[in-house]
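S.K.: Got a structure for you, written out below as structure tokens; questions coming shortly.
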Amino acid sequence: MSAKVLGFVIAVIAFVSDQAFKFWMLLGFDIQSHMQTYGPVRVTPFFDLILVWNRGISYGLFQQDGDLGRYVLVAIAVAASLFISVWIWRNQDRLLSIGLGLILGGALANGLDRLYHGAVMDLFHFYWGSFSWYVFNLADVWIVAGAAILIYDSFLGSGRNDASKL
């Protein structure tokens, strides 16, 4: 499988896994009713499933209550997705394609949430005692994992062989 095909396959897997989990949590498990009746779903002493609608960007920054802000964020996600798609298409490195595919799938999944629901559906809440990590979703995990792969690749990936040829 070529690097570009691999990148797009990874993007589809990331997108579908995020959307399927969100769909099941919203309609199959009905987390919204569960939250209203019982509160968070305790999974472990440090991890709950909860429902938070994030109308902003990472960490809840730049909350957008109106349609204009919502569609600006959707447009940014579309532009970023197009840029990443071109990058995948032109890329020959498999590891880089995996990282880019994860970012693309996550960006498209969160973009679809924002377009369809008006906000991104966040579900995972880690905490320890009084320390509480932000609430996130599977698409966010894919984006962070993809970014970590890009950082790894920039230091130790295919480019290291090119530098040794100088």
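Following the order of the structure tokens, chains are lettered A, B, ..., residues in each are numbered from 1, and ligands are numbered from 1.
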Can you pull out the residues contacting region 139-146 of chain A? Cut-off 12 Å, using only C-alpha atoms, and skip same-chain residues under 4 positions away; I want them as a PyMOL selection string.
M.R.: chain A and resi 7+10-22+57-59+81+84+95-113+120-124+134-135+150-153
S.K.: Restrict the selected residues to N, CA and C atoms and save them as a short mmCIF file (atom, residue, chain, number, x, y, z; two decimals), in the first residue's frame.
M.R.:
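Saved the output as out-v3.cif:
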data_model
loop_
_atom_site.label_atom_id
_atom_site.label_comp_id
_atom_site.auth_asym_id
_atom_site.auth_seq_id
_atom_site.Cartn_x
_atom_site.Cartn_y
_atom_site.Cartn_z
N GLY A 7 -2.31 6.92 4.29
CA GLY A 7 -2.75 8.12 5.00
C GLY A 7 -4.25 8.32 4.94
N ILE A 10 -6.07 5.57 7.02
CA ILE A 10 -5.98 5.91 8.44
C ILE A 10 -6.97 7.03 8.77
N ALA A 11 -7.09 8.02 7.90
CA ALA A 11 -8.03 9.12 8.12
C ALA A 11 -9.47 8.60 8.20
N VAL A 12 -9.83 7.69 7.30
CA VAL A 12 -11.18 7.12 7.31
C VAL A 12 -11.41 6.33 8.60
N ILE A 13 -10.44 5.53 9.00
CA ILE A 13 -10.57 4.74 10.23
C ILE A 13 -10.73 5.66 11.44
N ALA A 14 -9.90 6.71 11.52
CA ALA A 14 -9.98 7.65 12.64
C ALA A 14 -11.35 8.34 12.65
N PHE A 15 -11.80 8.80 11.49
CA PHE A 15 -13.08 9.49 11.38
C PHE A 15 -14.23 8.58 11.79
N VAL A 16 -14.27 7.38 11.23
CA VAL A 16 -15.38 6.46 11.48
C VAL A 16 -15.40 6.01 12.94
N SER A 17 -14.22 5.71 13.52
CA SER A 17 -14.19 5.26 14.91
C SER A 17 -14.71 6.35 15.85
N ASP A 18 -14.31 7.60 15.62
CA ASP A 18 -14.79 8.70 16.46
C ASP A 18 -16.30 8.89 16.31
N GLN A 19 -16.76 8.96 15.08
CA GLN A 19 -18.18 9.20 14.84
C GLN A 19 -19.05 8.03 15.32
N ALA A 20 -18.58 6.81 15.15
CA ALA A 20 -19.35 5.65 15.62
C ALA A 20 -19.47 5.66 17.15
N PHE A 21 -18.38 5.97 17.85
CA PHE A 21 -18.44 6.01 19.31
C PHE A 21 -19.36 7.13 19.78
N LYS A 22 -19.26 8.30 19.17
CA LYS A 22 -20.14 9.41 19.55
C LYS A 22 -21.60 9.07 19.26
N ILE A 57 -12.73 26.00 20.63
CA ILE A 57 -11.66 25.15 20.10
C ILE A 57 -11.00 24.44 21.27
N SER A 58 -9.80 23.99 21.12
CA SER A 58 -9.10 23.24 22.16
C SER A 58 -9.22 23.90 23.52
N TYR A 59 -9.43 23.07 24.53
CA TYR A 59 -9.56 23.51 25.92
C TYR A 59 -10.74 24.46 26.12
N SER A 81 -8.13 20.66 6.66
CA SER A 81 -8.29 19.31 6.11
C SER A 81 -7.84 19.25 4.66
N ILE A 84 -4.00 19.34 4.70
CA ILE A 84 -3.45 18.05 5.12
C ILE A 84 -3.65 17.00 4.04
N LEU A 95 5.25 6.67 7.70
CA LEU A 95 5.04 7.15 9.07
C LEU A 95 4.40 8.54 9.07
N LEU A 96 4.90 9.40 8.22
CA LEU A 96 4.33 10.74 8.11
C LEU A 96 2.87 10.66 7.65
N SER A 97 2.58 9.76 6.73
CA SER A 97 1.20 9.59 6.25
C SER A 97 0.26 9.10 7.36
N ILE A 98 0.77 8.24 8.23
CA ILE A 98 -0.06 7.77 9.35
C ILE A 98 -0.39 8.95 10.26
N GLY A 99 0.62 9.75 10.61
CA GLY A 99 0.38 10.92 11.46
C GLY A 99 -0.58 11.90 10.83
N LEU A 100 -0.37 12.20 9.56
CA LEU A 100 -1.26 13.13 8.86
C LEU A 100 -2.67 12.56 8.74
N GLY A 101 -2.79 11.25 8.50
CA GLY A 101 -4.10 10.61 8.41
C GLY A 101 -4.86 10.70 9.72
N LEU A 102 -4.16 10.51 10.84
CA LEU A 102 -4.80 10.64 12.16
C LEU A 102 -5.31 12.06 12.38
N ILE A 103 -4.48 13.04 12.04
CA ILE A 103 -4.90 14.45 12.19
C ILE A 103 -6.09 14.75 11.29
N LEU A 104 -6.02 14.30 10.04
CA LEU A 104 -7.11 14.55 9.09
C LEU A 104 -8.42 13.93 9.57
N GLY A 105 -8.37 12.67 9.97
CA GLY A 105 -9.59 12.00 10.44
C GLY A 105 -10.18 12.69 11.66
N GLY A 106 -9.33 13.09 12.60
CA GLY A 106 -9.81 13.79 13.79
C GLY A 106 -10.39 15.15 13.47
N ALA A 107 -9.73 15.89 12.59
CA ALA A 107 -10.22 17.22 12.22
C ALA A 107 -11.57 17.13 11.50
N LEU A 108 -11.70 16.15 10.60
CA LEU A 108 -12.98 15.98 9.90
C LEU A 108 -14.09 15.56 10.86
N ALA A 109 -13.78 14.69 11.81
CA ALA A 109 -14.78 14.23 12.77
C ALA A 109 -15.27 15.39 13.64
N ASN A 110 -14.34 16.17 14.17
CA ASN A 110 -14.76 17.31 14.99
C ASN A 110 -15.46 18.37 14.15
N GLY A 111 -15.03 18.54 12.90
CA GLY A 111 -15.69 19.48 12.00
C GLY A 111 -17.13 19.07 11.72
N LEU A 112 -17.35 17.77 11.51
CA LEU A 112 -18.71 17.28 11.28
C LEU A 112 -19.58 17.50 12.51
N ASP A 113 -19.03 17.25 13.70
CA ASP A 113 -19.78 17.52 14.93
C ASP A 113 -20.24 18.98 14.96
N VAL A 120 -18.72 20.55 19.30
CA VAL A 120 -18.01 19.27 19.30
C VAL A 120 -18.41 18.49 20.55
N MET A 121 -18.74 17.23 20.36
CA MET A 121 -19.16 16.36 21.46
C MET A 121 -17.92 15.78 22.15
N ASP A 122 -17.71 16.17 23.41
CA ASP A 122 -16.59 15.66 24.20
C ASP A 122 -17.13 14.73 25.27
N LEU A 123 -16.38 13.64 25.54
CA LEU A 123 -16.90 12.58 26.40
C LEU A 123 -15.96 12.09 27.49
N PHE A 124 -14.66 12.18 27.29
CA PHE A 124 -13.70 11.56 28.21
C PHE A 124 -13.21 12.57 29.23
N TYR A 134 -8.90 18.36 31.05
CA TYR A 134 -10.02 18.82 30.22
C TYR A 134 -10.78 17.62 29.64
N VAL A 135 -11.99 17.86 29.18
CA VAL A 135 -12.83 16.82 28.59
C VAL A 135 -12.54 16.78 27.09
N LEU A 150 4.15 13.38 13.92
CA LEU A 150 4.82 14.40 13.11
C LEU A 150 6.05 14.96 13.82
N ILE A 151 5.95 15.19 15.12
CA ILE A 151 7.09 15.68 15.89
C ILE A 151 8.20 14.63 15.90
N TYR A 152 7.83 13.39 16.18
CA TYR A 152 8.81 12.30 16.16
C TYR A 152 9.50 12.23 14.79
N ASP A 153 8.69 12.28 13.74
CA ASP A 153 9.23 12.17 12.38
C ASP A 153 10.15 13.34 12.04
#
S.K.: Quick check, in Å to one decimal: how far apart do CA of His117 (chain A) and CA of Leu51 (chain A) lie?
M.R.: 13.0 Å
S.K.: Can you list, as a ChimeraX atom specification, every protein, DNA or RNA residue that comes within 7 Å of region 71-75 of chain A when you count only C-alpha atoms, leaving out same-chain residues fewer than 2 positions away?
M.R.: /A:67-69,77-79,111,114-115
S.K.: Please dump the current selection as a short mmCIF file (atom, residue, chain, number, x, y, z; two decimals), in the first residue's frame; keep N, CA and C atoms.
M.R.:
data_model
loop_
_atom_site.label_atom_id
_atom_site.label_comp_id
_atom_site.auth_asym_id
_atom_site.auth_seq_id
_atom_site.Cartn_x
_atom_site.Cartn_y
_atom_site.Cartn_z
N ASP A 67 -24.06 31.45 14.96
CA ASP A 67 -23.77 30.69 13.74
C ASP A 67 -22.53 31.19 13.02
N LEU A 68 -22.26 32.50 13.05
CA LEU A 68 -21.10 33.03 12.35
C LEU A 68 -19.82 32.39 12.89
N GLY A 69 -19.64 32.41 14.19
CA GLY A 69 -18.45 31.80 14.79
C GLY A 69 -18.37 30.31 14.51
N ALA A 77 -11.61 24.31 9.82
CA ALA A 77 -11.41 22.85 9.80
C ALA A 77 -11.35 22.33 8.36
N VAL A 78 -12.20 22.85 7.49
CA VAL A 78 -12.20 22.43 6.08
C VAL A 78 -10.89 22.84 5.42
N ALA A 79 -10.45 24.07 5.65
CA ALA A 79 -9.20 24.54 5.05
C ALA A 79 -8.01 23.70 5.54
N GLY A 111 -15.03 18.54 12.90
CA GLY A 111 -15.69 19.48 12.00
C GLY A 111 -17.13 19.07 11.72
N ARG A 114 -19.31 19.87 14.69
CA ARG A 114 -19.61 21.29 14.76
C ARG A 114 -20.67 21.67 13.71
N LEU A 115 -20.56 21.08 12.53
CA LEU A 115 -21.52 21.37 11.47
C LEU A 115 -22.91 20.80 11.81
#
S.K.: DSSP on the backbone: what in region 44-140 of chain A comes out strand (DSSP E or B), as a PyMOL selection string?
M.R.: chain A and resi 44+47-54+120-128+131-136
S.K.: Do you have the CA of Thr44 (chain A)-CA of Met25 (chain A) distance handy?
M.R.: 17.6 Å
S.K.: Extract the full set of alpha helix (DSSP H) residues from chain A according to DSSP on the backbone, and format it as a PyMOL selection string.
M.R.: chain A and resi 3-23+31-37+67-90+94-117+138-156+159-164
S.K.: Could you tell me how far CA of His125 (chain A) sits from CA of Leu49 (chain A), in Å to one decimal place?
M.R.: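 Atom-to-atom, CA of Leu49 (chain A) and CA of His125 (chain A) are spaced 6.2 Å apart.
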S.K.: Could you give me, as a PyMOL selection string, the residues within 10 Å of Phe47 (chain A), counting only C-alpha atoms and dropping anything in the same chain fewer than 3 positions from it?
M.R.: chain A and resi 40-44+50+124-128+132-133
S.K.: Considering only C-alpha atoms, can you say which of A:Leu27, A:Ala119, A:Leu156, A:Ile88 comes closest to Ala3 (chain A)?
M.R.: A:Ile88
